file final14.csv (CSV, C-alpha atoms)
chain,number,residue,atom,x,y,z
A,1,MET,CA,85.4,44.4,123.9
A,2,ARG,CA,87.4,41.8,125.9
A,3,LEU,CA,90.5,42.5,123.8
A,4,ARG,CA,90.2,46.2,124.5
A,5,ARG,CA,90.0,45.5,128.3
A,6,LEU,CA,92.9,43.2,128.2
A,7,VAL,CA,95.1,45.7,126.4
A,8,LEU,CA,94.0,48.5,128.8
A,9,LEU,CA,94.9,46.2,131.8
A,10,LEU,CA,98.3,45.4,130.3
A,11,VAL,CA,99.1,49.1,129.7
A,12,LEU,CA,98.0,50.0,133.3
A,13,THR,CA,100.1,47.2,134.7
A,14,ALA,CA,103.2,48.3,132.7
A,15,VAL,CA,102.8,51.9,133.8
A,16,ALA,CA,102.4,50.9,137.4
A,17,ALA,CA,105.5,48.7,137.2
A,18,VAL,CA,107.6,51.5,135.8
A,19,ALA,CA,106.3,54.0,138.4
A,20,CYS,CA,107.2,51.6,141.3
A,21,THR,CA,110.8,51.4,140.1
A,22,ASN,CA,111.1,55.0,138.9
A,23,GLY,CA,111.8,53.7,135.5
A,24,GLY,CA,114.8,51.7,136.6
A,25,SER,CA,115.4,48.1,137.6
A,26,SER,CA,114.8,47.0,141.1
A,27,ASP,CA,117.5,44.3,140.9
A,28,THR,CA,120.4,46.7,141.4
A,29,THR,CA,121.9,48.2,144.5
A,30,THR,CA,124.0,51.4,144.8
A,31,THR,CA,127.5,51.3,146.3
A,32,PRO,CA,129.1,54.4,147.5
A,33,ALA,CA,132.0,55.6,145.4
A,34,THR,CA,134.3,55.9,148.4
A,35,PRO,CA,134.2,54.0,151.7
A,36,ALA,CA,133.1,56.0,154.8
A,37,THR,CA,135.9,56.6,157.2
A,38,ALA,CA,136.1,58.6,160.4
A,39,PRO,CA,138.1,61.9,160.1
A,40,ALA,CA,141.5,62.0,161.7
A,41,THR,CA,141.5,63.3,165.2
A,42,GLN,CA,144.2,64.7,167.4
A,43,THR,CA,144.3,65.1,171.2
A,44,THR,CA,145.2,68.5,172.5
A,45,ASP,CA,146.1,69.2,176.2
A,46,VAL,CA,143.9,72.1,177.4
A,47,SER,CA,142.7,73.5,180.7
A,48,ILE,CA,140.0,75.8,181.9
A,49,VAL,CA,141.2,79.0,183.6
A,50,PRO,CA,139.2,79.3,186.8
A,51,GLY,CA,137.3,82.6,187.2
A,52,GLU,CA,137.6,83.7,183.5
A,53,TRP,CA,135.0,83.7,180.8
A,54,THR,CA,135.2,84.9,177.1
A,55,TYR,CA,133.0,85.8,174.3
A,56,GLU,CA,133.5,86.9,170.6
A,57,TYR,CA,130.9,87.5,168.0
A,58,LEU,CA,130.6,89.9,165.0
A,59,GLY,CA,133.7,91.8,166.1
A,60,VAL,CA,132.5,92.3,169.7
A,61,LYS,CA,134.9,90.7,172.3
A,62,ALA,CA,134.1,90.4,176.0
A,63,THR,CA,135.8,88.9,179.0
A,64,PHE,CA,134.4,88.5,182.5
A,65,ASP,CA,136.8,87.9,185.3
A,66,TRP,CA,135.9,87.0,188.8
A,67,LYS,CA,138.6,85.2,190.8
A,68,GLU,CA,138.4,84.4,194.5
A,69,GLY,CA,139.3,87.5,196.5
A,70,SER,CA,138.9,90.0,193.6
A,71,PRO,CA,135.8,91.9,192.4
A,72,PRO,CA,134.0,90.8,189.2
A,73,THR,CA,135.0,92.8,186.1
A,74,LEU,CA,133.5,93.0,182.6
A,75,HIS,CA,135.8,94.0,179.7
A,76,VAL,CA,134.2,94.8,176.3
A,77,LYS,CA,135.7,95.9,173.0
A,78,ASN,CA,133.4,96.8,170.1
A,79,GLY,CA,135.4,95.8,167.0
A,80,SER,CA,132.2,95.9,164.9
A,81,ASP,CA,131.2,98.5,162.4
A,82,ASN,CA,128.1,99.5,164.4
A,83,PRO,CA,127.5,101.0,167.9
A,84,VAL,CA,126.3,98.6,170.6
A,85,GLY,CA,124.3,99.2,173.7
A,86,ALA,CA,125.6,99.6,177.2
A,87,PRO,CA,127.3,96.3,178.3
A,88,GLU,CA,125.9,94.3,181.3
A,89,VAL,CA,125.9,90.7,182.4
A,90,TYR,CA,123.5,88.4,184.1
A,91,VAL,CA,124.2,85.0,185.5
A,92,VAL,CA,122.2,81.8,185.9
A,93,THR,CA,123.4,80.3,189.1
A,94,LYS,CA,124.0,76.6,189.7
A,95,ASP,CA,120.6,76.4,191.4
A,96,GLN,CA,118.9,78.0,188.4
A,97,ARG,CA,118.4,81.6,189.7
A,98,HIS,CA,118.6,84.5,187.2
A,99,VAL,CA,120.6,87.3,188.8
A,100,ASN,CA,121.3,90.6,187.0
A,101,GLY,CA,124.6,92.2,187.4
A,102,LYS,CA,125.2,96.0,187.4
A,103,ALA,CA,128.2,97.1,185.3
A,104,ASP,CA,129.2,100.4,186.9
A,105,GLY,CA,129.7,103.2,184.4
A,106,SER,CA,128.7,101.2,181.4
A,107,ALA,CA,127.5,103.2,178.4
A,108,PRO,CA,126.9,102.5,174.7
A,109,LEU,CA,130.1,101.8,172.7
A,110,ASP,CA,130.8,103.2,169.3
A,111,PRO,CA,132.8,101.2,166.8
A,112,GLY,CA,136.4,100.8,168.1
A,113,ASP,CA,135.5,101.8,171.7
A,114,SER,CA,136.2,99.6,174.7
A,115,GLY,CA,135.5,99.7,178.4
A,116,ASP,CA,136.3,97.9,181.7
A,117,TYR,CA,133.4,97.8,184.2
A,118,PRO,CA,133.3,96.6,187.8
A,119,VAL,CA,130.2,94.5,188.2
A,120,SER,CA,128.1,94.1,191.3
A,121,PHE,CA,125.5,91.5,192.1
A,122,PRO,CA,122.8,91.6,194.7
A,123,GLY,CA,122.2,89.1,197.5
A,124,GLY,CA,125.7,88.0,198.4
A,125,LEU,CA,126.4,86.1,195.2
A,126,THR,CA,129.8,84.5,195.0
A,127,VAL,CA,131.9,83.2,192.2
A,128,ASP,CA,131.1,79.6,193.4
A,129,ASP,CA,127.4,80.3,192.7
A,130,LEU,CA,127.9,80.9,188.9
A,131,GLY,CA,126.6,78.5,186.4
A,132,LEU,CA,126.2,80.6,183.2
A,133,VAL,CA,127.4,84.1,182.4
A,134,VAL,CA,125.4,86.0,179.7
A,135,LEU,CA,126.4,89.3,177.9
A,136,THR,CA,123.8,91.9,177.1
A,137,LEU,CA,124.4,95.0,175.1
A,138,GLY,CA,121.6,97.5,175.8
A,139,ASP,CA,118.4,95.5,175.5
A,140,VAL,CA,119.9,92.8,173.4
A,141,ASP,CA,120.9,89.5,174.8
A,142,TRP,CA,124.1,88.6,172.9
A,143,GLY,CA,124.7,85.2,174.4
A,144,ALA,CA,126.6,83.2,176.9
A,145,LEU,CA,130.3,83.6,177.6
A,146,GLY,CA,132.3,80.4,177.6
A,147,PRO,CA,135.0,79.5,180.1
A,148,LYS,CA,138.5,80.6,179.1
A,149,ILE,CA,140.5,77.7,177.8
A,150,VAL,CA,144.3,77.6,177.3
A,151,GLN,CA,146.2,75.1,175.2
A,152,HIS,CA,149.3,73.6,176.7
call {"tool": "encode", "arguments": {"input": "final14.csv", "output": "structure tokens"}}
result
Amino acid sequence: MRLRRLVLLLVLTAVAAVACTNGGSSDTTTTPATPATAPATQTTDVSIVPGEWTYEYLGVKATFDWKEGSPPTLHVKNGSDNPVGAPEVYVVTKDQRHVNGKADGSAPLDPGDSGDYPVSFPGGLTVDDLGLVVLTLGDVDWGALGPKIVQH
């Protein structure tokens, strides 16, 4: 009986040892095949164009222009294969207010169509108040426009 218990204990100990090392030796370490290096970088001289924002996604391109002394304008081209809803924008101001714009004359755009829309905002909003400009097409929020950047 003692021999049977001893054999069982040795078998369980061996199984536990193999399980803890996943069947391998715990004395080895793994070394990566190639050393880790940072990717090469390059500096590019760019600047932000004041008063201009851009957007492009799934074939839809939009720009929003609002420069000091000129009215805000939304330009949208539907380069997708599907119709999209009427273009509008809203802004989130620097002081975190959500302000809806009204794109005059906007209507749904079929594939290949484009439009230029003067935009009006309530409450004396100025270009200096803008924090974030967001494009909507119909009831769908398509996302934020980014500042226009030019490379020198």
call {"tool": "closest_residue", "arguments": {"input": "final14.csv", "among": "A:Pro147, A:Gly115, A:Gly123, A:Gly51", "to": "Gly69 (chain A)", "atoms": "all atoms listed in the file"}}
result
A:Gly51
call {"tool": "atom_distance", "arguments": {"input": "final14.csv", "atom1": "CA of Asp116 (chain A)", "atom2": "CA of Ile149 (chain A)"}}
result
21.0 Å
call {"tool": "closest_residue", "arguments": {"input": "final14.csv", "among": "A:Leu58, A:Leu135, A:Phe64, A:Pro111", "to": "Pro83 (chain A)", "atoms": "all atoms listed in the file"}}
result
A:Pro111
call {"tool": "closest_residue", "arguments": {"input": "final14.csv", "among": "A:Val76, A:Leu137, A:Ala103, A:Ala38", "to": "Phe121 (chain A)", "atoms": "only C-alpha atoms"}}
result
A:Ala103
call {"tool": "closest_residue", "arguments": {"input": "final14.csv", "among": "A:Gly101, A:Pro118, A:Pro50, A:Gly112", "to": "Gly79 (chain A)", "atoms": "all atoms listed in the file"}}
result
A:Gly112
call {"tool": "atom_distance", "arguments": {"input": "final14.csv", "atom1": "CA of Val150 (chain A)", "atom2": "CA of Val49 (chain A)"}}
result
7.2 Å
